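Chemist: File follows, query-v8.cif with mmCIF, C-alpha atoms:
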data_start
loop_
_atom_site.label_atom_id
_atom_site.label_comp_id
_atom_site.auth_asym_id
_atom_site.auth_seq_id
_atom_site.Cartn_x
_atom_site.Cartn_y
_atom_site.Cartn_z
CA MET A 119 24.00 298.51 70.77
CA ARG A 120 21.46 296.75 68.55
CA TYR A 121 17.90 297.84 67.99
CA ARG A 122 14.87 296.13 66.43
CA VAL A 123 13.64 297.56 63.18
CA THR A 124 10.13 296.59 62.09
CA ILE A 125 9.02 297.07 58.48
CA GLU A 126 5.27 297.53 58.83
CA ASN A 127 4.38 296.83 55.19
CA CYS A 128 5.58 293.23 55.37
CA SER A 129 5.84 292.55 59.12
CA GLU A 130 9.59 291.95 58.71
CA THR A 131 11.75 292.56 61.76
CA TYR A 132 15.54 292.64 61.92
CA PRO A 133 18.28 293.77 64.30
CA CYS A 134 20.27 296.86 63.30
CA SER A 135 23.27 298.28 65.16
CA GLU A 136 23.78 301.97 65.76
CA GLN A 137 26.83 301.72 63.45
CA GLN A 138 24.68 300.56 60.54
CA THR A 139 22.16 302.32 58.37
CA LEU A 140 18.64 300.88 58.31
CA LEU A 141 19.33 299.66 54.79
CA GLN A 142 22.68 298.03 55.63
CA GLY A 143 21.12 296.21 58.58
CA MET A 144 18.39 294.78 56.37
CA GLU A 145 20.59 293.98 53.39
CA GLN A 146 23.40 292.17 55.18
CA LEU A 147 20.94 289.74 56.78
CA GLY A 148 19.43 288.97 53.39
CA LYS A 149 16.11 290.45 54.49
CA ARG A 150 13.80 292.14 52.00
CA GLY A 151 11.27 294.91 52.19
CA ILE A 152 13.05 298.22 51.57
CA PRO A 153 14.11 298.68 47.93
CA VAL A 154 17.90 298.95 47.60
CA GLY A 155 19.25 301.61 45.23
CA CYS A 156 22.49 303.59 45.37
CA ARG A 157 22.95 303.31 49.16
CA GLY A 158 24.37 306.87 49.16
CA GLY A 159 21.41 309.20 49.62
CA GLY A 160 21.25 310.13 45.93
CA CYS A 161 18.58 308.10 44.13
CA GLY A 162 15.66 308.05 46.59
CA VAL A 163 14.32 304.51 46.10
CA CYS A 164 14.75 303.52 49.78
CA ARG A 165 12.27 306.15 51.07
CA VAL A 166 10.74 305.16 54.39
CA GLN A 167 8.54 306.92 56.92
CA VAL A 168 9.63 306.38 60.50
CA THR A 169 6.39 305.83 62.42
CA SER A 170 7.94 305.30 65.85
CA GLY A 171 11.37 305.51 67.45
CA THR A 172 14.41 307.78 67.14
CA PHE A 173 17.26 307.87 64.65
CA SER A 174 20.11 310.00 63.37
CA LYS A 175 20.43 310.95 59.73
CA ALA A 176 23.15 312.00 57.29
CA LYS A 177 22.79 314.35 54.30
CA MET A 178 20.29 313.24 51.67
CA SER A 179 19.88 314.54 48.12
CA ARG A 180 17.36 317.41 48.29
CA SER A 181 15.96 316.40 44.88
CA VAL A 182 14.61 313.17 46.43
CA ILE A 183 13.89 314.19 50.08
CA SER A 184 12.31 317.63 50.56
CA GLU A 185 12.22 319.60 53.80
CA ALA A 186 8.50 318.78 53.98
CA ASP A 187 9.38 315.08 53.71
CA GLU A 188 11.85 315.36 56.57
CA SER A 189 9.30 317.13 58.77
CA LYS A 190 7.02 314.11 58.23
CA ARG A 191 9.95 311.80 59.18
CA ILE A 192 10.19 310.57 55.60
CA VAL A 193 13.85 309.77 55.04
CA LEU A 194 16.17 307.48 53.11
CA ALA A 195 16.91 304.19 54.86
CA CYS A 196 20.47 304.30 53.49
CA ARG A 197 21.23 307.51 55.42
CA CYS A 198 19.62 306.79 58.79
CA THR A 199 20.94 304.88 61.79
CA PRO A 200 18.70 303.81 64.70
CA THR A 201 19.08 305.25 68.20
CA SER A 202 16.10 303.23 69.53
CA ASP A 203 13.84 300.44 68.33
CA LEU A 204 12.09 301.66 65.19
CA SER A 205 8.99 301.04 63.14
CA ILE A 206 9.12 302.11 59.52
CA SER A 207 6.73 302.14 56.62
CA VAL A 208 8.20 301.75 53.12
CA VAL A 209 7.00 304.58 50.88
CA GLY A 210 9.58 304.42 48.06
CA LYS A 211 9.58 301.83 45.34
CA MET A 212 11.85 300.44 42.72
CA GLU A 213 10.38 301.31 39.35
CA LYS A 214 9.98 298.42 36.94
CA ALA A 215 12.59 298.58 34.21
CA LEU A 216 10.03 298.21 31.45
CA ASN A 217 6.40 298.51 32.35
CA GLY A 218 3.05 298.14 30.66
CA LYS A 219 2.05 295.26 28.45
CA HIS A 220 5.60 294.62 27.27
CA ARG A 221 7.00 294.20 30.73
CA ILE A 222 9.56 291.46 31.03
CA GLN A 223 9.92 289.30 34.12
CA THR A 224 12.96 290.41 36.10
CA GLU A 225 14.88 288.77 38.90
CA ASP A 226 13.62 291.37 41.38
CA ASP A 227 9.99 290.37 40.81
CA LEU A 228 10.47 287.62 43.35
CA SER A 229 11.34 290.06 46.10
CA VAL A 230 8.28 292.14 45.28
CA ALA A 231 6.16 289.00 45.56
CA ALA A 232 7.76 288.21 48.91
CA VAL A 233 6.82 291.62 50.24
CA GLY A 234 3.29 291.22 48.95
CA MET B 139 44.04 314.29 9.89
CA ALA B 140 40.99 312.10 9.45
CA PHE B 141 39.71 312.69 12.97
CA LYS B 142 38.14 316.16 13.06
CA GLY B 143 35.68 318.26 14.98
CA VAL B 144 34.61 316.77 18.30
CA LEU B 145 37.44 314.68 19.79
CA ARG B 146 36.06 313.23 23.02
CA PRO B 147 34.09 313.84 26.20
CA GLY B 148 36.88 315.64 28.05
CA LEU B 149 35.35 317.24 31.14
CA ILE B 150 32.52 316.19 33.40
CA GLN B 151 31.22 318.10 36.41
CA ILE B 152 29.49 315.92 39.02
CA ARG B 153 27.50 317.07 42.06
CA VAL B 154 28.34 315.35 45.34
CA LEU B 155 26.77 315.62 48.78
CA ASN B 156 29.98 315.47 50.83
CA MET B 157 33.29 316.55 49.31
CA ASP B 158 35.59 314.68 51.70
CA GLU B 159 33.81 311.39 51.02
CA ALA B 160 33.82 312.12 47.29
CA ILE B 161 37.55 312.88 47.23
CA ASN B 162 38.31 309.63 49.03
CA HIS B 163 36.22 307.75 46.49
CA TYR B 164 37.47 309.33 43.28
CA GLN B 165 41.10 309.52 44.46
CA ASN B 166 41.66 306.37 46.52
CA ILE B 167 39.07 303.99 45.04
CA LEU B 168 39.02 304.97 41.35
CA GLY B 169 42.64 306.11 41.46
CA LEU B 170 42.27 309.53 39.85
CA ASN B 171 44.82 312.18 40.82
CA ILE B 172 43.80 315.51 42.35
CA VAL B 173 45.02 318.38 40.19
CA SER B 174 43.71 321.31 42.23
CA THR B 175 41.15 322.52 44.72
CA GLU B 176 39.80 325.99 43.98
CA ALA B 177 38.43 328.80 46.16
CA ASP B 178 34.80 327.98 45.27
CA GLY B 179 35.31 324.47 46.68
CA ARG B 180 35.34 322.59 43.41
CA VAL B 181 37.93 319.81 43.16
CA TYR B 182 39.64 318.90 39.86
CA LEU B 183 40.98 315.42 39.07
CA LYS B 184 42.40 313.45 36.16
CA GLY B 185 43.27 309.88 35.23
CA TRP B 186 46.92 308.86 34.95
CA ASP B 187 46.82 308.49 31.15
CA GLU B 188 45.23 311.86 30.38
CA PHE B 189 47.31 314.72 28.99
CA ASP B 190 44.83 317.49 29.67
CA HIS B 191 44.81 319.54 32.88
CA HIS B 192 41.83 317.66 34.36
CA SER B 193 38.79 315.64 33.32
CA VAL B 194 36.60 315.30 36.42
CA VAL B 195 35.22 318.20 38.44
CA LEU B 196 33.48 317.56 41.76
CA ARG B 197 31.10 320.19 43.12
CA GLN B 198 29.48 319.89 46.54
CA ALA B 199 25.73 320.54 46.32
CA GLU B 200 22.40 319.73 47.98
CA SER B 201 21.51 317.14 45.32
CA ALA B 202 23.67 314.55 43.58
CA GLY B 203 23.80 314.25 39.79
CA LEU B 204 25.32 315.71 36.64
CA ASP B 205 26.02 319.42 36.11
CA TYR B 206 27.32 318.99 32.55
CA VAL B 207 29.64 317.11 30.26
CA ALA B 208 32.00 319.03 27.97
CA PHE B 209 33.43 317.71 24.70
CA LYS B 210 36.86 318.79 23.52
CA VAL B 211 36.99 319.92 19.89
CA ASP B 212 40.00 320.07 17.58
CA SER B 213 40.35 323.84 17.10
CA ASP B 214 39.17 327.32 17.98
CA ASP B 215 37.94 327.58 14.39
CA TYR B 216 35.64 324.58 14.89
CA LEU B 217 34.28 326.11 18.09
CA ARG B 218 33.48 329.34 16.21
CA GLU B 219 31.98 327.56 13.22
CA ILE B 220 29.84 325.10 15.16
CA GLU B 221 28.01 327.73 17.21
CA PRO B 222 25.72 329.02 14.40
CA ARG B 223 24.98 325.42 13.36
CA ILE B 224 23.83 324.63 16.90
CA VAL B 225 21.68 327.76 16.95
CA ALA B 226 20.25 326.95 13.51
CA TRP B 227 19.25 323.51 14.77
CA GLY B 228 17.25 325.23 17.48
CA LEU B 229 19.29 325.32 20.68
CA GLU B 230 20.19 328.45 22.60
CA VAL B 231 23.96 328.78 23.10
CA ASP B 232 25.64 330.52 26.03
CA HIS B 233 29.30 331.37 26.62
CA VAL B 234 31.48 330.41 29.56
CA PRO B 235 34.59 332.61 29.80
CA ALA B 236 38.13 331.26 29.85
CA GLY B 237 39.33 330.51 33.36
CA GLU B 238 35.95 329.48 34.78
CA GLN B 239 37.76 326.21 35.35
CA PRO B 240 41.52 326.30 35.97
CA GLY B 241 43.52 325.80 32.78
CA VAL B 242 40.45 325.75 30.51
CA GLY B 243 39.75 328.26 27.72
CA PRO B 244 36.37 329.58 26.57
CA ARG B 245 33.47 327.12 26.41
CA ILE B 246 30.08 327.22 24.74
CA GLY B 247 27.10 325.49 26.33
CA PHE B 248 23.54 324.46 25.49
CA THR B 249 20.79 322.21 26.84
CA LEU B 250 19.64 319.19 24.86
CA PRO B 251 15.94 318.25 24.49
CA THR B 252 16.79 315.50 27.01
CA GLY B 253 17.49 318.17 29.66
CA HIS B 254 21.27 317.63 29.78
CA ARG B 255 23.71 320.52 29.55
CA ILE B 256 26.45 319.92 27.00
CA GLU B 257 29.50 322.13 26.52
CA LEU B 258 32.23 322.37 23.89
CA TYR B 259 35.75 323.73 24.34
CA HIS B 260 39.10 323.57 22.62
CA GLN B 261 41.75 325.15 24.82
CA ILE B 262 42.95 323.35 27.92
CA ASP B 263 46.43 323.39 29.42
CA MET B 264 48.50 320.27 29.45
CA ALA B 265 48.65 318.70 32.91
CA GLU B 266 51.91 319.05 34.83
CA ASP B 267 51.69 315.36 35.69
CA HIS B 268 51.07 314.05 32.17
CA PRO B 269 51.96 310.75 30.46
CA GLY B 270 55.44 310.50 28.99
CA ILE B 271 56.10 312.06 25.58
CA ILE B 272 59.78 311.60 24.74
CA ASN B 273 60.82 307.94 24.90
CA PRO B 274 57.71 307.48 27.04
CA ASP B 275 57.53 304.85 29.72
CA ILE B 276 54.29 302.91 30.13
CA TYR B 277 53.40 305.07 33.11
CA GLN B 278 55.17 307.58 35.33
CA ARG B 279 54.23 305.94 38.62
CA ARG B 280 51.89 303.13 39.53
CA PRO B 281 48.34 304.50 39.93
CA ASP B 282 46.34 304.14 43.14
CA GLY B 283 43.15 302.15 43.65
CA MET B 284 41.53 300.79 40.50
CA GLY B 285 43.97 302.80 38.40
CA ALA B 286 41.32 304.26 36.09
CA SER B 287 43.27 305.64 33.14
CA ARG B 288 40.76 308.17 31.85
CA PHE B 289 37.18 309.47 31.87
CA ASP B 290 35.66 307.44 29.05
CA HIS B 291 31.91 308.01 28.51
CA LEU B 292 28.58 308.63 30.21
CA LEU B 293 24.98 307.39 30.01
CA CYS B 294 22.18 309.94 30.32
CA TYR B 295 18.45 309.35 30.97
CA GLY B 296 15.89 311.82 29.66
CA PRO B 297 13.05 312.42 27.19
CA ASN B 298 13.38 312.95 23.41
CA ILE B 299 16.46 310.80 22.84
CA GLY B 300 15.59 310.65 19.15
CA LYS B 301 16.11 314.40 19.03
CA ALA B 302 19.41 314.03 20.86
CA ARG B 303 20.54 311.50 18.25
CA GLU B 304 19.55 313.86 15.47
CA PHE B 305 21.48 316.71 17.10
CA PHE B 306 24.66 314.73 17.74
CA CYS B 307 24.68 313.07 14.33
CA GLU B 308 23.55 315.99 12.15
CA VAL B 309 25.23 318.90 13.94
CA LEU B 310 28.26 317.46 15.74
CA ASP B 311 28.96 314.65 13.19
CA PHE B 312 28.70 311.80 15.68
CA TYR B 313 27.45 308.38 14.51
CA GLN B 314 25.44 305.61 16.15
CA PRO B 315 27.21 302.26 16.59
CA GLU B 316 24.36 300.56 18.46
CA LYS B 317 20.72 300.90 19.59
CA VAL B 318 17.87 299.15 21.40
CA ASP B 319 14.53 299.35 19.58
CA LEU B 320 11.19 300.11 21.15
CA PRO B 321 8.72 297.20 20.82
CA GLU B 322 6.58 299.17 18.40
CA GLY B 323 7.31 301.90 15.90
CA ASP B 324 10.64 303.28 14.73
CA GLY B 325 11.81 304.79 18.00
CA SER B 326 14.68 303.72 20.21
CA LEU B 327 14.66 302.84 23.87
CA ALA B 328 18.41 303.41 24.08
CA ILE B 329 21.14 304.77 21.79
CA TRP B 330 24.94 304.70 21.80
CA LEU B 331 26.69 307.60 20.05
CA THR B 332 30.34 308.29 19.30
CA ALA B 333 32.57 310.88 17.69
CA SER B 334 35.50 308.48 17.68
CA ASN B 335 36.47 304.81 17.39
CA LYS B 336 35.06 304.06 20.82
CA ALA B 337 31.77 302.16 20.82
CA HIS B 338 30.31 305.08 22.76
CA ASP B 339 31.29 308.55 23.90
CA ILE B 340 27.77 309.23 25.19
CA ALA B 341 24.63 307.11 25.43
CA PHE B 342 20.98 307.88 26.15
CA VAL B 343 18.00 305.96 27.49
CA GLU B 344 14.47 307.27 26.95
CA HIS B 345 13.07 308.38 30.30
CA GLU B 346 10.32 310.73 31.46
CA GLU B 347 12.37 312.89 33.83
CA PRO B 348 14.90 315.18 32.09
CA GLY B 349 18.57 315.64 32.88
CA LYS B 350 19.23 312.45 34.81
CA LEU B 351 22.60 310.71 35.13
CA HIS B 352 22.81 306.92 34.86
CA HIS B 353 26.59 306.54 35.07
CA VAL B 354 30.01 308.02 34.48
CA ALA B 355 32.52 305.52 33.11
CA PHE B 356 36.28 305.28 33.43
CA LEU B 357 38.62 303.14 31.37
CA LEU B 358 40.59 300.14 32.60
CA GLN B 359 43.08 298.16 30.54
CA ASP B 360 41.67 294.64 30.66
CA TRP B 361 39.47 292.02 32.33
CA ASN B 362 42.07 291.45 35.08
CA GLU B 363 41.82 295.09 36.09
CA VAL B 364 38.01 294.77 36.23
CA GLY B 365 38.51 291.84 38.62
CA ALA B 366 40.96 293.85 40.73
CA ALA B 367 38.39 296.68 40.81
CA ALA B 368 35.84 294.21 42.22
CA ASP B 369 38.33 293.31 44.96
CA ILE B 370 38.82 296.99 45.80
CA ILE B 371 35.04 297.49 45.96
CA SER B 372 34.69 294.73 48.56
CA ILE B 373 37.82 295.66 50.53
CA ASN B 374 36.51 299.20 50.92
CA ASP B 375 32.78 298.37 51.28
CA VAL B 376 31.91 300.46 48.25
CA SER B 377 28.24 300.26 47.25
CA LEU B 378 28.14 297.66 44.44
CA ASP B 379 25.53 297.76 41.70
CA ILE B 380 26.35 294.80 39.42
CA GLY B 381 29.33 292.93 38.08
CA PRO B 382 31.95 291.99 37.19
CA THR B 383 30.10 291.07 34.01
CA ARG B 384 29.98 291.87 30.32
CA HIS B 385 27.73 293.86 28.04
CA GLY B 386 26.36 292.40 24.83
CA ILE B 387 26.00 296.00 23.69
CA THR B 388 29.52 297.42 23.07
CA ARG B 389 30.95 294.05 24.37
CA GLY B 390 32.57 295.93 27.26
CA GLN B 391 33.78 294.11 30.37
CA THR B 392 32.46 295.98 33.32
CA ILE B 393 31.60 296.54 36.95
CA TYR B 394 29.15 299.15 38.27
CA PHE B 395 29.17 300.77 41.69
CA PHE B 396 28.09 304.00 43.36
CA ASP B 397 30.06 306.95 44.66
CA PRO B 398 29.24 307.99 48.27
CA SER B 399 26.57 310.42 46.99
CA GLY B 400 24.82 307.76 44.92
CA ASN B 401 26.17 308.68 41.50
CA ARG B 402 26.75 305.48 39.56
CA ASN B 403 30.28 304.80 38.30
CA GLU B 404 31.46 302.19 35.84
CA VAL B 405 34.95 300.90 35.21
CA TYR B 406 35.17 299.34 31.80
CA ALA B 407 37.58 297.51 29.53
CA GLY B 408 37.41 296.17 26.00
CA GLY B 409 34.54 296.88 23.68
CA TYR B 410 34.72 296.75 19.90
CA THR B 411 36.31 299.32 17.62
CA ALA B 412 33.62 301.41 15.97
CA TYR B 413 33.73 302.88 12.45
CA PRO B 414 31.19 305.21 10.88
CA ASP B 415 30.67 302.89 7.89
CA HIS B 416 29.70 299.89 10.03
CA PRO B 417 26.02 298.90 10.22
CA VAL B 418 24.12 300.05 13.30
CA ARG B 419 23.97 297.05 15.63
CA SER B 420 20.38 296.67 16.86
CA TRP B 421 18.78 294.82 19.76
CA ASP B 422 15.09 294.05 19.71
CA PHE B 423 12.95 294.21 22.80
CA ASP B 424 12.99 290.45 23.36
CA HIS B 425 16.78 290.30 23.63
CA VAL B 426 17.50 293.48 25.56
CA GLY B 427 18.34 291.59 28.78
CA LYS B 428 21.23 289.82 27.02
CA GLY B 429 22.25 293.05 25.34
CA ILE B 430 22.66 294.83 28.63
CA PHE B 431 24.20 292.02 30.69
CA TYR B 432 25.48 289.28 28.42
CA TYR B 433 26.05 286.70 31.15
CA GLU B 434 22.98 287.30 33.35
CA ARG B 435 20.62 287.70 30.32
CA THR B 436 17.95 289.27 32.49
CA LEU B 437 16.86 292.81 33.14
CA ASN B 438 17.85 294.31 36.45
CA ASP B 439 15.46 296.87 37.90
CA ARG B 440 18.08 298.63 40.00
CA PHE B 441 20.52 298.98 37.12
CA LEU B 442 17.83 300.28 34.78
CA THR B 443 15.93 302.64 37.08
CA VAL B 444 18.23 303.96 39.84
CA LEU B 445 19.48 307.41 38.78
CA THR B 446 20.79 310.67 40.18
#
Would it be possible to restate this file's structure as structure tokens?

Modeler:
Amino acid sequence: MRYRVTIENCSETYPCSEQQTLLQGMEQLGKRGIPVGCRGGGCGVCRVQVTSGTFSKAKMSRSVISEADESKRIVLACRCTPTSDLSISVVGKMEKALNGKHRIQTEDDLSVAAVG
Amino acid sequence: MAFKGVLRPGLIQIRVLNMDEAINHYQNILGLNIVSTEADGRVYLKGWDEFDHHSVVLRQAESAGLDYVAFKVDSDDYLREIEPRIVAWGLEVDHVPAGEQPGVGPRIGFTLPTGHRIELYHQIDMAEDHPGIINPDIYQRRPDGMGASRFDHLLCYGPNIGKAREFFCEVLDFYQPEKVDLPEGDGSLAIWLTASNKAHDIAFVEHEEPGKLHHVAFLLQDWNEVGAAADIISINDVSLDIGPTRHGITRGQTIYFFDPSGNRNEVYAGGYTAYPDHPVRSWDFDHVGKGIFYYERTLNDRFLTVLT
């Protein structure tokens, strides 16, 4: 079974099977929008808030997703699989490697620009 | 013996979210061997070329990351003598009794200004399944997975790395083979420290949040093994970070990936031989991309900011 996942921040939509995490579904189609970190529930960069729809979730590192987060349906896209069509809002971000006035252009800047 | 005091990073305890997934990763993907599973749930593993009882300890927890790294020292006398020097430098030292880990003697521990817990120990049993000693063959049996031969080094992120350098170099007699300079002033963005001939036993990157783990590295023999590791990563759908590639810093040939709890691993081959009389190799801010990844020559946000 495949479901539609809509990333509200950038109006991106992609199909995601119930065997895939939200992050895997996005990544394997070459879509952008959710930052991709460790893919294992440990680092917290793929934080999303599920604004509509249902999903199942695996264990996430408590240091990056609190119980309060979970009660607000804030989860890690790498640990959640859809059980219906979903809308999500990206709330995590990839930090810039070196920020401030000395920041150096990195290859990921392009994806940030694409998301707007 | 010219090689005294701290010998190497010998033990590392890593927090994982799911033990079964972690065992599959560290045993079947990296190719470490399980030594024992204890009543408290911790699992002990070692690489095929390590003599000591174990080197990697997995502990299931609610958050991923690093519990501590422990350095093996050359004698009980050194362990006794170093403690007052650590205290005099300004760190509080605690004692972990013998047997807290199977086969390991008493340990002393302290927390660096970077927020990382470091331990020192001398006594550890020899592993039952150790490399050959008398007329030794190359290996006893062909290792599984990537065939990582040993726990090699780690990279920590935290504040006050200049203080960490001072502690390691002034108290534990490490030296600094390489560094990345901050754009202004005398400080460092990143430092590589060693007690041995390896280009690094431990490295630090300056970072606001204390006690973070960037990666745990394991040794491979050569560039071909790094390529085979890349094959194993794809065959098993392991979460890839970057590589195979090469570092300008240390010159290591490398591939980075994540364990199933998001802790970054590296398998690594090559790298130069370090000596304490060599100049400190330095990278300025404008060349740091090449220093980190010699082929890509560009900074990578995920590699530099994703931590557990």

Chemist: For B:Ile370, work out the shell of residues within 12 Å, counting all atoms listed in the file and skipping chain neighbours fewer than 3 positions away, then give it as a count of residues only.

Modeler: 23

Chemist: Taking all atoms listed in the file into account, report as a ChimeraX atom specification which residues of chain A lie within 6 Å of chain B.

Modeler: /A:155-156,158-161,179-181,214-215,224

Chemist: Might you pull out every residue within 7 Å of stretch 141-153 of chain B, with all atoms listed in the file counted and same-chain residues fewer than 2 positions away left off, and present them as JSON, numbers by chain?

Modeler: {"B": [139, 155, 193, 194, 195, 196, 197, 198, 199, 201, 202, 203, 204, 205, 206, 207, 208, 209, 210, 211, 212, 216, 291, 310, 333, 334, 339]}

Chemist: Taking the file as shown, find all residues satisfying the PyMOL selection byres ((chain A and resi 195) around 7) and write them as a list in words.

Modeler: Thr139, Leu140, Leu141, Cys164, Arg165, Val166, Val193, Leu194, Cys196, Arg197 and Cys198 of chain A

Chemist: Looking at B:His425, B:His345, B:Arg389, B:Lys350, which one is nearest to A:Glu213, with distances taken over all atoms listed in the file?

Modeler: B:His345

Chemist: Near B:Ala236, within 10 Å and counting only C-alpha atoms, which residues show up once chain neighbours fewer than 6 positions away are dropped, as a ChimeraX atom specification?

Modeler: /B:242-245,259,261-262

Chemist: What separation in Å, quoted to one decimal, exists between atom CA of A:Asn127 and atom CA of B:Ile380?

Modeler: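 Calculated distance between atom CA of A:Asn127 and atom CA of B:Ile380 is 27.1 Å.
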
Chemist: The PyMOL selection byres ((chain A and resi 201) around 8) - which residues does that actually catch in the file I just gave you? List them as a PyMOL selection string.

Modeler: chain A and resi 121+136+171-174+199-200+202-203

Chemist: Keeping only C-alpha atoms, write the selected residues as a PDB file, keeping the file's coordinate frame.

Modeler:
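Done, and the output landed in part-v2.pdb:
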ATOM      1  CA  TYR A 121      17.900 297.840  67.990  1.00  0.00           C
ATOM      2  CA  GLU A 136      23.780 301.970  65.760  1.00  0.00           C
ATOM      3  CA  GLY A 171      11.370 305.510  67.450  1.00  0.00           C
ATOM      4  CA  THR A 172      14.410 307.780  67.140  1.00  0.00           C
ATOM      5  CA  PHE A 173      17.260 307.870  64.650  1.00  0.00           C
ATOM      6  CA  SER A 174      20.110 310.000  63.370  1.00  0.00           C
ATOM      7  CA  THR A 199      20.940 304.880  61.790  1.00  0.00           C
ATOM      8  CA  PRO A 200      18.700 303.810  64.700  1.00  0.00           C
ATOM      9  CA  SER A 202      16.100 303.230  69.530  1.00  0.00           C
ATOM     10  CA  ASP A 203      13.840 300.440  68.330  1.00  0.00           C
TER      11      ASP A 203
END

Chemist: I'd like the interatomic distance between atom CA of B:Ile256 and atom CA of B:Ser326, to a tenth of an Å.

Modeler: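 Spanning atom CA of B:Ile256 to atom CA of B:Ser326 is a straight-line distance of 21.1 Å.
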
Chemist: Excluding stretch 176-189 of chain B and residues on its chain fewer than 3 positions from it, collect all residues at most 9 Å away from it, counting only C-alpha atoms, and give them as a PyMOL selection string.

Modeler: chain B and resi 157+161+164-165+168-173+192-198+239-240+263-269+277-281+285-289+356

Chemist: Mind pulling up the distance from atom CA of B:Val234 to atom CA of B:Ala341?

Modeler: 24.6 Å

Chemist: Run the PyMOL selection byres ((chain A and resi 128) around 10) against the file shown and list the residues it catches, as a list in words.

Modeler: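 Taken on the displayed file, the PyMOL selection byres ((chain A and resi 128) around 10) yields the residues Thr124, Ile125, Glu126, Asn127, Ser129, Glu130, Thr131, Arg150, Gly151, Ile152, Ser207, Val208, Ala232, Val233 and Gly234 of chain A.
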
Chemist: Give the answer as one residue: which of B:Ile340, B:Ala355, B:Ala140, B:Ala328 has the shortest atom-to-atom distance to B:Gly429, using all atoms listed in the file?

Modeler: B:Ala328

Chemist: Can you tell me, as a count of residues only, what residues are no more than 7 Å from stretch 301-304 of chain B when counting all atoms listed in the file, ignoring any on the same chain fewer than 2 positions away?

Modeler: 8

Chemist: Counting all atoms listed in the file, which residue out of A:Ser205, A:Val163, A:Lys211, A:Val168 sits closest to A:Val182?

Modeler: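 Of A:Ser205, A:Val163, A:Lys211, A:Val168, the one nearest A:Val182, counting all atoms listed in the file, is A:Val163.
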
Chemist: With N, CA, C and O atoms as the target, complete stretch 171-181 of chain A and hand it back as an mmCIF file, keeping the file's coordinate frame.

Modeler:
data_model
loop_
_atom_site.group_PDB
_atom_site.id
_atom_site.type_symbol
_atom_site.label_atom_id
_atom_site.label_comp_id
_atom_site.auth_asym_id
_atom_site.auth_seq_id
_atom_site.Cartn_x
_atom_site.Cartn_y
_atom_site.Cartn_z
ATOM 1 N N GLY A 171 9.962 305.688 67.118
ATOM 2 C CA GLY A 171 11.370 305.510 67.450
ATOM 3 C C GLY A 171 12.215 306.708 67.036
ATOM 4 O O GLY A 171 11.730 307.640 66.388
ATOM 5 N N THR A 172 13.493 306.673 67.429
ATOM 6 C CA THR A 172 14.410 307.780 67.140
ATOM 7 C C THR A 172 15.578 307.294 66.299
ATOM 8 O O THR A 172 15.923 306.117 66.308
ATOM 9 N N PHE A 173 16.186 308.229 65.600
ATOM 10 C CA PHE A 173 17.260 307.870 64.650
ATOM 11 C C PHE A 173 18.107 309.095 64.385
ATOM 12 O O PHE A 173 17.685 310.224 64.671
ATOM 13 N N SER A 174 19.311 308.878 63.862
ATOM 14 C CA SER A 174 20.110 310.000 63.370
ATOM 15 C C SER A 174 20.232 309.872 61.856
ATOM 16 O O SER A 174 20.129 308.758 61.318
ATOM 17 N N LYS A 175 20.420 311.003 61.199
ATOM 18 C CA LYS A 175 20.430 310.950 59.730
ATOM 19 C C LYS A 175 21.591 311.750 59.167
ATOM 20 O O LYS A 175 22.014 312.752 59.748
ATOM 21 N N ALA A 176 22.100 311.293 58.022
ATOM 22 C CA ALA A 176 23.150 312.000 57.290
ATOM 23 C C ALA A 176 22.493 312.741 56.119
ATOM 24 O O ALA A 176 21.302 312.590 55.854
ATOM 25 N N LYS A 177 23.308 313.521 55.398
ATOM 26 C CA LYS A 177 22.790 314.350 54.300
ATOM 27 C C LYS A 177 22.169 313.499 53.196
ATOM 28 O O LYS A 177 22.736 312.499 52.776
ATOM 29 N N MET A 178 20.996 313.929 52.751
ATOM 30 C CA MET A 178 20.290 313.240 51.670
ATOM 31 C C MET A 178 20.079 314.208 50.516
ATOM 32 O O MET A 178 19.947 315.411 50.727
ATOM 33 N N SER A 179 20.044 313.689 49.299
ATOM 34 C CA SER A 179 19.880 314.540 48.120
ATOM 35 C C SER A 179 18.532 315.263 48.210
ATOM 36 O O SER A 179 17.483 314.635 48.352
ATOM 37 N N ARG A 180 18.571 316.618 48.142
ATOM 38 C CA ARG A 180 17.360 317.410 48.290
ATOM 39 C C ARG A 180 16.372 317.149 47.153
ATOM 40 O O ARG A 180 15.165 317.325 47.302
ATOM 41 N N SER A 181 16.871 316.677 46.008
ATOM 42 C CA SER A 181 15.960 316.400 44.880
ATOM 43 C C SER A 181 15.081 315.177 45.163
ATOM 44 O O SER A 181 14.073 314.992 44.488
#
